[in-house]
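**Q** One file is attached below, start31.txt, containing compact mmCIF, C-alpha atoms and all ligand atoms.
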# COMPACT_ATOMS: atom_id res chain seq x y z
CA MET A 10 47.98 -1.82 68.85
CA ARG A 11 50.43 0.94 68.28
CA PHE A 12 48.97 1.43 64.85
CA LEU A 13 45.40 1.50 66.10
CA GLY A 14 46.29 3.90 68.89
CA ASN A 15 47.92 6.32 66.50
CA ALA A 16 45.15 5.93 63.98
CA ALA A 17 42.53 6.73 66.57
CA LEU A 18 44.38 9.87 67.53
CA ILE A 19 44.71 10.97 63.94
CA ALA A 20 41.08 10.21 63.19
CA GLY A 21 40.07 12.18 66.26
CA GLY A 22 41.97 15.16 64.96
CA VAL A 23 40.28 15.13 61.58
CA GLY A 24 36.79 15.57 62.89
CA LEU A 25 35.32 14.13 59.71
CA PHE A 26 34.16 10.96 61.37
CA SER A 27 32.59 11.05 64.77
CA ASN A 28 33.70 7.59 65.86
CA ALA A 29 37.33 6.85 66.53
CA LEU A 30 38.84 4.04 64.49
CA ALA A 31 38.48 0.68 66.15
CA ALA A 32 39.60 -1.66 63.43
CA GLN A 33 40.40 -5.30 63.99
CA SER A 34 43.55 -7.10 62.95
CA GLU A 35 44.45 -8.14 59.44
CA ALA A 36 44.04 -11.79 60.44
CA VAL A 37 40.43 -11.20 61.46
CA TYR A 38 39.46 -9.53 58.18
CA GLN A 39 41.40 -12.09 56.20
CA ASN A 40 39.46 -14.80 57.94
CA TYR A 41 36.16 -13.07 57.11
CA ALA A 42 37.23 -12.83 53.48
CA ILE A 43 38.34 -16.46 53.22
CA THR A 44 35.15 -17.68 54.88
CA THR A 45 33.15 -15.67 52.36
CA ALA A 46 35.26 -16.87 49.42
CA ASN A 47 34.51 -20.47 50.40
CA LEU A 48 30.82 -19.70 50.70
CA LEU A 49 30.68 -18.03 47.28
CA VAL A 50 32.47 -20.86 45.49
CA ASN A 51 30.74 -23.69 47.34
CA LYS A 52 27.25 -22.29 47.08
CA TYR A 53 27.23 -20.47 43.75
CA TYR A 54 30.05 -21.47 41.45
CA ASP A 55 29.13 -23.56 38.42
CA GLY A 56 32.27 -25.14 37.04
CA SER A 57 30.52 -26.02 33.79
CA THR A 58 30.04 -22.34 32.89
CA GLY A 59 32.61 -20.58 35.06
CA GLN A 60 29.84 -18.39 36.42
CA PHE A 61 28.43 -17.72 39.83
CA ASP A 62 24.66 -18.23 40.10
CA THR A 63 24.23 -17.94 36.30
CA LEU A 64 25.10 -14.25 36.52
CA TRP A 65 27.31 -12.77 33.82
CA TRP A 66 28.89 -9.40 34.67
CA ASN A 67 28.57 -10.09 38.39
CA SER A 68 30.69 -13.21 37.89
CA ALA A 69 33.49 -11.03 36.56
CA ILE A 70 33.35 -9.06 39.81
CA THR A 71 33.46 -12.19 41.98
CA HIS A 72 36.41 -13.58 40.02
CA THR A 73 38.18 -10.21 40.34
CA ALA A 74 37.62 -10.25 44.09
CA LEU A 75 39.10 -13.76 44.26
CA ALA A 76 42.14 -12.38 42.42
CA ASP A 77 42.43 -9.58 44.97
CA LEU A 78 42.25 -12.06 47.82
CA SER A 79 44.83 -14.30 46.20
CA ALA A 80 47.15 -11.29 45.83
CA LEU A 81 46.62 -10.45 49.49
CA LEU A 82 47.56 -14.02 50.43
CA GLY A 83 50.83 -13.69 48.52
CA GLY A 84 49.68 -14.58 45.03
CA THR A 85 48.72 -18.14 45.83
CA SER A 86 46.37 -20.29 43.80
CA THR A 87 44.92 -21.68 47.01
CA VAL A 88 42.21 -19.44 48.39
CA GLY A 89 40.41 -21.01 51.31
CA SER A 90 39.58 -24.54 50.25
CA HIS A 91 39.74 -23.81 46.53
CA ASP A 92 42.39 -23.85 43.84
CA ILE A 93 41.51 -20.82 41.74
CA PHE A 94 44.15 -20.59 38.98
CA PRO A 95 42.88 -23.80 37.31
CA MET A 96 39.34 -22.38 37.56
CA TRP A 97 40.44 -19.41 35.45
CA ASP A 98 42.28 -21.55 32.95
CA ASP A 99 39.12 -23.55 32.51
CA LEU A 100 37.04 -20.38 32.23
CA TYR A 101 39.37 -19.10 29.53
CA THR A 102 39.35 -22.34 27.57
CA LYS A 103 35.57 -22.58 27.71
CA HIS A 104 34.98 -19.15 26.23
CA VAL A 105 37.88 -18.33 23.97
CA GLY A 106 37.57 -19.67 20.48
CA SER A 107 34.66 -21.91 21.37
CA THR A 108 31.53 -21.46 19.31
CA SER A 109 29.30 -23.48 21.59
CA VAL A 110 29.11 -21.00 24.47
CA SER A 111 27.24 -17.76 24.88
CA ASN A 112 29.36 -14.66 25.31
CA GLN A 113 32.17 -16.19 23.31
CA ASN A 114 35.54 -14.47 23.89
CA PHE A 115 33.85 -12.60 26.76
CA LEU A 116 32.01 -10.39 24.31
CA ASN A 117 28.28 -9.80 24.44
CA PRO A 118 25.86 -7.04 23.43
CA TYR A 119 26.78 -4.77 26.37
CA TYR A 120 30.01 -2.83 26.48
CA ASP A 121 29.88 -2.40 30.24
CA ASP A 122 29.74 -6.18 30.72
CA GLU A 123 32.77 -6.45 28.47
CA GLY A 124 34.64 -3.86 30.54
CA TRP A 125 34.17 -5.82 33.78
CA TRP A 126 35.56 -8.94 32.15
CA ALA A 127 38.53 -7.04 30.71
CA LEU A 128 39.35 -5.74 34.20
CA PHE A 129 39.11 -9.27 35.57
CA TRP A 130 41.49 -10.71 32.98
CA ILE A 131 43.94 -7.90 33.70
CA ALA A 132 43.78 -8.79 37.41
CA ALA A 133 44.32 -12.47 36.54
CA TYR A 134 47.29 -11.51 34.36
CA ASP A 135 48.81 -9.36 37.12
CA LEU A 136 48.62 -12.32 39.45
CA THR A 137 49.68 -15.20 37.21
CA GLY A 138 51.76 -13.50 34.51
CA ILE A 139 49.89 -15.58 31.91
CA SER A 140 50.16 -13.42 28.81
CA LYS A 141 47.14 -14.81 26.97
CA TYR A 142 44.99 -13.28 29.71
CA LEU A 143 46.41 -9.86 28.89
CA SER A 144 45.86 -10.47 25.18
CA LEU A 145 42.27 -11.39 25.91
CA ALA A 146 41.79 -8.12 27.81
CA GLU A 147 43.24 -6.30 24.80
CA SER A 148 40.81 -7.97 22.43
CA ILE A 149 37.88 -7.10 24.69
CA ALA A 150 39.08 -3.48 24.90
CA ALA A 151 39.32 -3.33 21.11
CA ASP A 152 35.73 -4.50 20.80
CA MET A 153 34.63 -1.74 23.19
CA HIS A 154 36.64 0.93 21.48
CA ASN A 155 35.64 -0.09 17.96
CA THR A 156 31.93 0.28 18.63
CA GLY A 157 31.89 3.43 16.57
CA GLN A 158 32.30 6.48 18.67
CA ALA A 159 29.66 8.97 19.54
CA CYS A 160 30.47 12.47 20.77
CA GLY A 161 34.22 12.36 20.41
CA GLY A 162 35.54 9.80 22.83
CA GLY A 163 32.18 8.45 23.96
CA ILE A 164 31.16 4.87 23.27
CA TRP A 165 27.70 3.37 23.10
CA TRP A 166 26.36 1.41 26.02
CA SER A 167 25.27 -1.52 23.86
CA LYS A 168 25.65 -2.89 20.39
CA SER A 169 22.15 -1.72 19.52
CA LYS A 170 23.56 1.84 19.82
CA SER A 171 20.56 3.24 21.62
CA VAL A 172 22.26 5.22 24.39
CA VAL A 173 25.63 6.61 25.39
CA ALA A 174 25.77 6.31 29.16
CA THR A 175 28.37 6.68 31.90
CA ILE A 176 29.42 3.26 33.07
CA GLU A 177 30.71 1.81 29.80
CA ASN A 178 32.75 4.95 29.20
CA VAL A 179 34.38 5.03 32.59
CA LEU A 180 35.08 1.31 32.24
CA LEU A 181 36.79 1.82 28.89
CA MET A 182 38.83 4.61 30.48
CA SER A 183 39.93 2.22 33.22
CA VAL A 184 40.62 -0.75 30.95
CA ALA A 185 42.65 1.40 28.54
CA ALA A 186 44.62 3.01 31.37
CA HIS A 187 45.43 -0.43 32.80
CA LEU A 188 46.56 -1.65 29.37
CA ALA A 189 48.73 1.44 28.86
CA ASN A 190 50.71 0.35 31.91
CA ARG A 191 51.01 -3.27 30.83
CA VAL A 192 51.47 -3.31 27.05
CA PRO A 193 54.53 -1.14 26.40
CA GLY A 194 54.33 -1.48 22.63
CA SER A 195 50.81 -0.03 22.55
CA ALA A 196 51.04 2.29 25.54
CA ASP A 197 50.50 5.45 23.53
CA MET A 198 47.44 4.07 21.79
CA TYR A 199 45.87 2.99 25.09
CA LYS A 200 46.71 6.29 26.76
CA GLY A 201 44.94 7.95 23.86
CA TRP A 202 41.84 5.83 24.38
CA ALA A 203 41.79 6.51 28.12
CA ASP A 204 42.29 10.23 27.59
CA ALA A 205 39.48 10.34 25.03
CA SER A 206 37.09 8.67 27.47
CA TRP A 207 38.06 11.07 30.21
CA VAL A 208 37.56 14.09 27.95
CA PHE A 209 34.17 12.73 26.89
CA LEU A 210 33.08 12.18 30.51
CA GLN A 211 34.01 15.75 31.42
CA ASN A 212 32.70 17.50 28.31
CA SER A 213 29.38 15.67 28.40
CA GLY A 214 28.80 16.55 32.04
CA GLU A 215 28.66 12.85 32.98
CA TYR A 216 31.44 13.92 35.33
CA ASN A 217 30.26 17.29 36.53
CA GLY A 218 33.44 18.70 37.98
CA ASN A 219 31.83 18.61 41.37
CA THR A 220 33.43 15.19 41.71
CA PHE A 221 30.27 13.26 40.91
CA LEU A 222 30.08 10.86 38.05
CA LEU A 223 26.42 10.80 37.16
CA GLY A 224 24.56 7.80 35.85
CA GLY A 225 22.58 9.31 33.04
CA ASN A 226 22.50 9.21 29.28
CA THR A 227 24.06 11.57 26.80
CA ASP A 228 22.07 13.37 24.14
CA THR A 229 24.08 12.32 21.11
CA SER A 230 23.15 15.44 19.14
CA THR A 231 24.36 17.90 21.80
CA CYS A 232 26.78 15.44 23.44
CA LYS A 233 25.55 16.63 26.82
CA LEU A 234 24.06 14.74 29.73
CA VAL A 235 20.27 14.56 29.43
CA ALA A 236 18.79 16.33 32.42
CA GLY A 237 16.45 14.20 34.45
CA THR A 238 15.89 11.74 37.21
CA ASN A 239 18.23 9.12 35.78
CA ASN A 240 21.20 11.20 36.78
CA ILE A 241 21.74 9.44 40.06
CA PRO A 242 25.32 9.16 41.23
CA SER A 243 26.10 5.61 42.21
CA THR A 244 28.90 4.05 44.16
CA TYR A 245 30.20 1.80 41.43
CA GLN A 246 30.76 4.54 38.89
CA GLN A 247 32.62 6.58 41.47
CA GLY A 248 34.72 3.51 42.20
CA VAL A 249 35.60 2.73 38.59
CA LEU A 250 36.62 6.35 38.02
CA ILE A 251 38.90 6.27 41.06
CA GLY A 252 40.63 3.12 39.78
CA ALA A 253 40.93 4.58 36.28
CA LEU A 254 42.54 7.77 37.58
CA VAL A 255 45.07 5.84 39.66
CA GLU A 256 46.18 3.91 36.56
CA LEU A 257 46.22 7.06 34.46
CA ALA A 258 48.47 8.79 37.00
CA THR A 259 51.00 6.01 36.41
CA ALA A 260 50.54 6.02 32.65
CA HIS A 261 51.07 9.77 32.39
CA LYS A 262 53.47 10.02 35.36
CA ASP A 263 51.23 12.79 36.63
CA GLY A 264 50.09 12.90 40.24
CA GLY A 265 47.37 15.36 39.30
CA TYR A 266 45.17 12.37 38.46
CA ILE A 267 45.57 11.13 42.04
CA ASP A 268 44.32 14.49 43.27
CA VAL A 269 41.18 14.09 41.19
CA ALA A 270 40.78 10.53 42.49
CA LYS A 271 41.07 11.83 46.05
CA SER A 272 38.32 14.36 45.49
CA VAL A 273 36.06 11.70 43.93
CA ALA A 274 36.79 9.44 46.90
CA HIS A 275 36.09 12.23 49.35
CA VAL A 276 32.61 12.81 47.91
CA SER A 277 32.01 9.08 47.69
CA ILE A 278 32.54 8.50 51.38
CA THR A 279 30.95 11.64 52.80
CA ASN A 280 27.84 12.21 50.69
CA SER A 281 24.86 11.12 52.76
CA ASP A 282 23.60 8.96 49.88
CA PHE A 283 26.67 6.80 50.24
CA TYR A 284 27.50 7.10 53.90
CA ASN A 285 25.71 6.13 57.10
CA ALA A 286 27.05 8.78 59.45
CA GLN A 287 25.70 7.03 62.51
CA LEU A 288 27.57 3.79 61.96
CA GLY A 289 30.38 5.20 59.83
CA THR A 290 29.66 2.61 57.15
CA MET A 291 29.18 2.68 53.42
CA HIS A 292 25.60 2.85 52.37
CA GLU A 293 23.47 2.93 49.26
CA PRO A 294 20.31 4.90 48.64
CA LEU A 295 17.32 2.66 49.40
CA GLY A 296 14.91 1.63 46.74
CA GLY A 297 14.41 -1.77 45.19
CA PHE A 298 17.80 -3.36 44.77
CA ASP A 299 18.27 -5.70 41.83
CA ASN A 300 21.03 -7.96 40.57
CA ASP A 301 22.91 -4.95 39.28
CA SER A 302 22.63 -2.43 42.08
CA ALA A 303 23.21 -5.00 44.85
CA GLN A 304 26.73 -5.32 43.42
CA PHE A 305 27.65 -1.64 43.47
CA LYS A 306 29.17 -0.74 46.84
CA GLY A 307 31.85 -3.41 46.76
CA ILE A 308 33.23 -1.88 43.57
CA LEU A 309 33.73 1.42 45.37
CA ALA A 310 35.34 -0.43 48.30
CA ARG A 311 37.78 -2.19 45.96
CA ASN A 312 38.80 1.04 44.32
CA LEU A 313 39.27 2.83 47.64
CA MET A 314 41.68 0.01 48.45
CA ILE A 315 43.49 0.69 45.17
CA LEU A 316 43.65 4.44 45.78
CA ASN A 317 44.85 3.76 49.30
CA ARG A 318 47.98 2.12 47.84
CA ALA A 319 48.85 5.36 46.06
CA HIS A 320 47.54 7.66 48.74
CA PRO A 321 47.04 5.97 52.13
CA ASP A 322 44.33 7.84 53.96
CA ILE A 323 42.92 7.19 57.40
CA ASN A 324 39.46 8.15 56.19
CA TYR A 325 39.39 5.33 53.64
CA LEU A 326 40.67 2.90 56.22
CA ASN A 327 38.06 4.07 58.66
CA ILE A 328 35.00 3.66 56.45
CA ILE A 329 36.19 0.34 55.03
CA THR A 330 36.95 -1.26 58.39
CA LYS A 331 33.75 0.03 59.95
CA SER A 332 31.81 -1.33 56.99
CA ALA A 333 33.56 -4.70 57.28
CA ASP A 334 32.81 -4.84 61.00
CA SER A 335 29.19 -3.97 60.38
CA ILE A 336 28.89 -6.49 57.55
CA TRP A 337 29.98 -9.23 59.90
CA ALA A 338 27.86 -8.07 62.83
CA ASN A 339 24.71 -6.84 61.11
CA ALA A 340 24.37 -8.04 57.53
CA ARG A 341 25.26 -11.72 57.62
CA ASN A 342 22.69 -14.49 57.42
CA ALA A 343 23.03 -17.75 59.32
CA ASP A 344 24.29 -19.55 56.19
CA GLY A 345 27.06 -16.97 55.63
CA THR A 346 25.38 -15.04 52.81
CA ILE A 347 25.38 -11.27 53.25
CA ILE A 348 22.51 -8.89 52.53
CA VAL A 349 22.79 -5.72 50.49
CA LEU A 350 22.67 -3.18 53.32
CA TRP A 351 25.96 -3.35 55.20
CA ASP A 352 24.37 -1.57 58.11
CA GLY A 353 21.78 -4.37 58.28
CA ASN A 354 18.10 -3.73 57.79
CA PRO A 355 16.73 -2.87 61.24
CA SER A 356 13.81 -0.92 59.76
CA GLY A 357 12.67 -3.88 57.71
CA ASN A 358 12.82 -2.02 54.40
CA ASN A 359 11.72 -3.76 51.25
CA LEU A 360 15.10 -4.37 49.67
CA GLY A 361 13.84 -5.44 46.26
CA SER A 362 14.83 -8.64 44.53
CA TYR A 363 18.40 -9.71 44.05
CA SER A 364 20.52 -12.81 44.25
CA LEU A 365 22.38 -13.20 47.53
CA GLU A 366 25.40 -14.16 45.44
CA VAL A 367 25.50 -10.56 44.24
CA SER A 368 25.28 -8.90 47.65
CA THR A 369 27.67 -11.42 49.18
CA SER A 370 30.18 -10.80 46.40
CA SER A 371 29.87 -7.06 46.96
CA ALA A 372 30.51 -7.38 50.69
CA PHE A 373 33.38 -9.78 49.92
CA GLU A 374 35.19 -6.91 48.18
CA CYS A 375 34.88 -4.77 51.29
CA LEU A 376 36.19 -7.54 53.57
CA ILE A 377 39.24 -7.96 51.33
CA ALA A 378 39.80 -4.19 51.27
CA ALA A 379 39.69 -4.11 55.07
CA ALA A 380 42.30 -6.87 55.33
CA GLU A 381 44.62 -5.17 52.86
CA MET A 382 44.24 -1.67 54.26
CA VAL A 383 44.78 -2.66 57.88
CA LYS A 384 47.98 -4.37 56.76
CA GLY A 385 49.23 -0.99 55.52
CA GLY A 386 50.25 0.07 59.02
CA THR A 387 50.85 3.64 60.11
CA LEU A 388 53.63 4.57 57.74
CA GLY A 389 52.71 6.98 55.03
CA ILE A 390 49.19 7.61 56.23
CA VAL A 391 48.09 11.02 55.13
CA VAL A 392 45.18 12.93 56.53
CA ASP A 393 43.41 15.54 54.49
C1 LIG B 401 18.84 -12.37 39.95
O1 LIG B 401 19.68 -13.44 39.58
C2 LIG B 401 19.19 -14.71 39.90
C3 LIG B 401 20.28 -15.71 39.58
O2 LIG B 401 20.64 -15.63 38.24
C4 LIG B 401 17.90 -14.97 39.13
O3 LIG B 401 17.38 -16.23 39.48
C5 LIG B 401 16.91 -13.88 39.47
O4 LIG B 401 15.77 -14.03 38.68
C6 LIG B 401 17.49 -12.51 39.24
N1 LIG B 401 16.60 -11.52 39.80
C7 LIG B 401 16.13 -10.51 39.09
C8 LIG B 401 15.21 -9.61 39.80
O5 LIG B 401 16.45 -10.34 37.94
Would you mind writing the structure in this file as structure tokens?
Ligand SMILES: *[C@@H]1O[C@H](CO)[C@@H](O)[C@H](O)[C@H]1NC(C)=O
**A**
Amino acid sequence: MRFLGNAALIAGGVGLFSNALAAQSEAVYQNYAITTANLLVNKYYDGSTGQFDTLWWNSAITHTALADLSALLGGTSTVGSHDIFPMWDDLYTKHVGSTSVSNQNFLNPYYDDEGWWALFWIAAYDLTGISKYLSLAESIAADMHNTGQACGGGIWWSKSKSVVATIENVLLMSVAAHLANRVPGSADMYKGWADASWVFLQNSGEYNGNTFLLGGNTDTSTCKLVAGTNNIPSTYQQGVLIGALVELATAHKDGGYIDVAKSVAHVSITNSDFYNAQLGTMHEPLGGFDNDSAQFKGILARNLMILNRAHPDINYLNIITKSADSIWANARNADGTIIVLWDGNPSGNNLGSYSLEVSTSSAFECLIAAAEMVKGGTLGIVVD
């Protein structure tokens, strides 16, 4: 209570958010997260493929969220009613070296898909210390990097080399920055890869210096962002950039990267496209969600949690806990699945067509973030 009282006072002083913080306890959010973990595994997990609801990149996100929850619970293999470390061992064995599966060695035609899986295996390595998981992440990163570069540090979005977009580049930046901090013998090489991605993102205008990471394509003759309606900032790209910058700050021992991450986070939680000012929750622009976009917000939530470790900030705590509260109150179906709009859908909008595994997994990331961030307590909280 002392924490919440102080936090409310601090939040009141900031004036950024109209509602004072009224977060619940860590135990409450942890319980939400565990309940949702059980639902996801029971309802959607297919042990024969290691995937959730036959989804590929989304499954990497759900596995990563399970790793986050395990870490929060003290690094235990038991998460809710499931034993997750053996699940990952099985997942590894099924895909690595086997010729009878699709997406062998976690490679496929899309470099962004590969990046999500590399980040998952890094999270699994962090948790278990199993070195073959880190080696697997390295081999995935090499596949991404070796695509043949376009525009300096830019990589193609897919193996058909049709476009150079944002997400696969910011993912390579993040994967390489993570590896730089975990593979001492190759740290310089990975720092070089991450730096090259970051330079590409800035020079191309994919990151426009106004703290937005746009979603568009690069003209590979001019190496500049193609102007047009595809340049829509989206929560997940903001999130991946934040996580990449936090790792790069460690790799380069340079807090300047945290400052950039803070400014990206600030835009990500205040821009009206991403923020429901009335409820104080995270939001996503409306318009026909699909199995990709229904996943996005949770990725931003996860990376706000990661930034909050380096730079605890009452504003991150506020939006994450309000979102978690609203998820539980407004966005949950009777069977425990969670819809894509965390503020619910009181206006009855047409939300498009997406698997409830995807939106539940996305919300799951926010519930975990709430549990971790509430645990942080008052110490070290900074208000900007
Ligand atoms: C979303 O994923 C589910 C599960 O894989 C699939 O059945 C469905 O067709 C997908 N929806 C769209 C719009 O692609």
**Q** Counting all atoms listed in the file, what are the residues of chain A within 12 Å of ligand LIG 401 (chain B), and for each of them which pair of atoms is the nearest and at what distance in Å, to one decimal? Sort the table by chain and rising number, as CSV.
**A**
residue,atom,partner,partner_atom,distance
A:Tyr53,CA,B:LIG401,C3,9.4
A:Tyr54,CA,B:LIG401,C3,11.5
A:Asp55,CA,B:LIG401,O2,11.6
A:Gln60,CA,B:LIG401,O2,9.8
A:Phe61,CA,B:LIG401,O2,8.2
A:Asp62,CA,B:LIG401,C3,5.1
A:Thr63,CA,B:LIG401,O2,4.7
A:Leu64,CA,B:LIG401,O2,5.0
A:Trp65,CA,B:LIG401,O2,8.5
A:Trp66,CA,B:LIG401,O2,10.9
A:Asn67,CA,B:LIG401,O1,9.6
A:Ser68,CA,B:LIG401,O2,10.3
A:Gly297,CA,B:LIG401,C8,9.5
A:Phe298,CA,B:LIG401,C8,8.4
A:Asp299,CA,B:LIG401,C8,5.4
A:Asn300,CA,B:LIG401,C1,5.0
A:Asp301,CA,B:LIG401,C1,8.5
A:Ser302,CA,B:LIG401,C8,10.6
A:Ala303,CA,B:LIG401,C1,9.9
A:Gln304,CA,B:LIG401,C1,11.1
A:Leu360,CA,B:LIG401,C8,11.2
A:Gly361,CA,B:LIG401,C8,7.8
A:Ser362,CA,B:LIG401,C8,4.8
A:Tyr363,CA,B:LIG401,C1,4.9
A:Ser364,CA,B:LIG401,C1,4.6
A:Leu365,CA,B:LIG401,O1,8.4
A:Glu366,CA,B:LIG401,C3,7.9
A:Val367,CA,B:LIG401,O1,8.0
A:Ser368,CA,B:LIG401,C1,10.6
**Q** Write the selection just made, keeping C-alpha atoms, as a PDB file, in the frame of the given file?
**A**
ATOM      1  CA  TYR A  53      27.230 -20.470  43.750  1.00  0.00           C
ATOM      2  CA  TYR A  54      30.050 -21.470  41.450  1.00  0.00           C
ATOM      3  CA  ASP A  55      29.130 -23.560  38.420  1.00  0.00           C
ATOM      4  CA  GLN A  60      29.840 -18.390  36.420  1.00  0.00           C
ATOM      5  CA  PHE A  61      28.430 -17.720  39.830  1.00  0.00           C
ATOM      6  CA  ASP A  62      24.660 -18.230  40.100  1.00  0.00           C
ATOM      7  CA  THR A  63      24.230 -17.940  36.300  1.00  0.00           C
ATOM      8  CA  LEU A  64      25.100 -14.250  36.520  1.00  0.00           C
ATOM      9  CA  TRP A  65      27.310 -12.770  33.820  1.00  0.00           C
ATOM     10  CA  TRP A  66      28.890  -9.400  34.670  1.00  0.00           C
ATOM     11  CA  ASN A  67      28.570 -10.090  38.390  1.00  0.00           C
ATOM     12  CA  SER A  68      30.690 -13.210  37.890  1.00  0.00           C
ATOM     13  CA  GLY A 297      14.410  -1.770  45.190  1.00  0.00           C
ATOM     14  CA  PHE A 298      17.800  -3.360  44.770  1.00  0.00           C
ATOM     15  CA  ASP A 299      18.270  -5.700  41.830  1.00  0.00           C
ATOM     16  CA  ASN A 300      21.030  -7.960  40.570  1.00  0.00           C
ATOM     17  CA  ASP A 301      22.910  -4.950  39.280  1.00  0.00           C
ATOM     18  CA  SER A 302      22.630  -2.430  42.080  1.00  0.00           C
ATOM     19  CA  ALA A 303      23.210  -5.000  44.850  1.00  0.00           C
ATOM     20  CA  GLN A 304      26.730  -5.320  43.420  1.00  0.00           C
ATOM     21  CA  LEU A 360      15.100  -4.370  49.670  1.00  0.00           C
ATOM     22  CA  GLY A 361      13.840  -5.440  46.260  1.00  0.00           C
ATOM     23  CA  SER A 362      14.830  -8.640  44.530  1.00  0.00           C
ATOM     24  CA  TYR A 363      18.400  -9.710  44.050  1.00  0.00           C
ATOM     25  CA  SER A 364      20.520 -12.810  44.250  1.00  0.00           C
ATOM     26  CA  LEU A 365      22.380 -13.200  47.530  1.00  0.00           C
ATOM     27  CA  GLU A 366      25.400 -14.160  45.440  1.00  0.00           C
ATOM     28  CA  VAL A 367      25.500 -10.560  44.240  1.00  0.00           C
ATOM     29  CA  SER A 368      25.280  -8.900  47.650  1.00  0.00           C
TER      30      SER A 368
END
**Q** Please determine, counting all atoms listed in the file, which residue among A:Arg311, A:Lys331, A:Arg341, A:His320 has the shortest atom-to-atom distance to A:Ala74.
**A**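 So, comparing all the options, the nearest one is A:Arg311.
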**Q** Taking 4 positions as the minimum chain separation for residues in the same chain, which residues sit within 12 Å of A:Ile267 when counting all atoms listed in the file? Answer as a tab-separated table (two decimals) with C-alpha atoms, in the frame of the given file.
**A**
chain	number	residue	atom	x	y	z
A	250	LEU	CA	36.62	6.35	38.02
A	251	ILE	CA	38.90	6.27	41.06
A	252	GLY	CA	40.63	3.12	39.78
A	253	ALA	CA	40.93	4.58	36.28
A	254	LEU	CA	42.54	7.77	37.58
A	255	VAL	CA	45.07	5.84	39.66
A	256	GLU	CA	46.18	3.91	36.56
A	257	LEU	CA	46.22	7.06	34.46
A	258	ALA	CA	48.47	8.79	37.00
A	259	THR	CA	51.00	6.01	36.41
A	260	ALA	CA	50.54	6.02	32.65
A	261	HIS	CA	51.07	9.77	32.39
A	262	LYS	CA	53.47	10.02	35.36
A	263	ASP	CA	51.23	12.79	36.63
A	271	LYS	CA	41.07	11.83	46.05
A	272	SER	CA	38.32	14.36	45.49
A	273	VAL	CA	36.06	11.70	43.93
A	274	ALA	CA	36.79	9.44	46.90
A	313	LEU	CA	39.27	2.83	47.64
A	315	ILE	CA	43.49	0.69	45.17
A	316	LEU	CA	43.65	4.44	45.78
A	317	ASN	CA	44.85	3.76	49.30
A	318	ARG	CA	47.98	2.12	47.84
A	319	ALA	CA	48.85	5.36	46.06
A	320	HIS	CA	47.54	7.66	48.74
A	321	PRO	CA	47.04	5.97	52.13
**Q** Work out how far atom CA of A:Ser206 is from atom CA of A:Val235, in Å to one decimal.
**A**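 A separation of 17.9 Å between them.
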**Q** Just give me the gap between atom CA of A:Asn358 and atom CA of A:His292 in Å, one decimal is fine.
**A**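 Result for atom CA of A:Asn358 versus atom CA of A:His292: 13.8 Å, one decimal.
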**Q** Of the candidates A:Val276, A:Met198, A:Leu181, A:Leu75, which one gets nearest to A:Asp121 if we count all atoms listed in the file?
**A**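 Smallest separation from A:Asp121 among the options: A:Leu181.
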**Q** Suppose you want the space between atom CA of A:Ala185 and atom CA of A:Asn155; what is it in Å?
**A**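 Atom-to-atom, atom CA of A:Ala185 to atom CA of A:Asn155, that is 12.8 Å.
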**Q** Taking only C-alpha atoms into account, which of A:Ala310, A:Ile70, A:Met182, A:Leu100 comes nearest A:Tyr142?
**A**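 Ranked by minimum distance to A:Tyr142, first place goes to A:Leu100.
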**Q** Would you mind telling me which residue in A:Gln246, A:Ser90, A:Asn117, A:Ser111 lies nearest to A:Asn178 when using all atoms listed in the file?
**A**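 Distance minimum relative to A:Asn178 lands on A:Gln246.
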**Q** So which one's closest to A:Gly138, A:Gly124, A:Gly218, A:Pro118, A:Gly84? Using all atoms listed in the file, please.
**A**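 Going through A:Gly124, A:Gly218, A:Pro118, A:Gly84 one by one, the smallest distance to A:Gly138 is for A:Gly84.
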**Q** Which residues, written as a count of residues only, have at least one atom at most 6 Å from A:Thr290, with all atoms listed in the file counted and residues fewer than 3 positions away on the same chain left out?
**A** 5
**Q** Can you complete the atoms of stretch 145-151 of chain A to N, CA and C atoms and list them as a PDB file, in the coordinates of the input?
**A**
ATOM      1  N   LEU A 145      43.737 -11.329  25.908  1.00  0.00           N
ATOM      2  CA  LEU A 145      42.270 -11.390  25.910  1.00  0.00           C
ATOM      3  C   LEU A 145      41.693 -10.036  26.341  1.00  0.00           C
ATOM      4  N   ALA A 146      42.266  -9.448  27.380  1.00  0.00           N
ATOM      5  CA  ALA A 146      41.790  -8.120  27.810  1.00  0.00           C
ATOM      6  C   ALA A 146      41.953  -7.103  26.682  1.00  0.00           C
ATOM      7  N   GLU A 147      43.043  -7.218  25.942  1.00  0.00           N
ATOM      8  CA  GLU A 147      43.240  -6.300  24.800  1.00  0.00           C
ATOM      9  C   GLU A 147      42.159  -6.487  23.740  1.00  0.00           C
ATOM     10  N   SER A 148      41.813  -7.746  23.476  1.00  0.00           N
ATOM     11  CA  SER A 148      40.810  -7.970  22.430  1.00  0.00           C
ATOM     12  C   SER A 148      39.431  -7.492  22.883  1.00  0.00           C
ATOM     13  N   ILE A 149      39.157  -7.617  24.173  1.00  0.00           N
ATOM     14  CA  ILE A 149      37.880  -7.100  24.690  1.00  0.00           C
ATOM     15  C   ILE A 149      37.874  -5.565  24.578  1.00  0.00           C
ATOM     16  N   ALA A 150      38.995  -4.944  24.960  1.00  0.00           N
ATOM     17  CA  ALA A 150      39.080  -3.480  24.900  1.00  0.00           C
ATOM     18  C   ALA A 150      38.888  -2.992  23.460  1.00  0.00           C
ATOM     19  N   ALA A 151      39.461  -3.728  22.516  1.00  0.00           N
ATOM     20  CA  ALA A 151      39.320  -3.330  21.110  1.00  0.00           C
ATOM     21  C   ALA A 151      37.862  -3.380  20.687  1.00  0.00           C
TER      22      ALA A 151
END
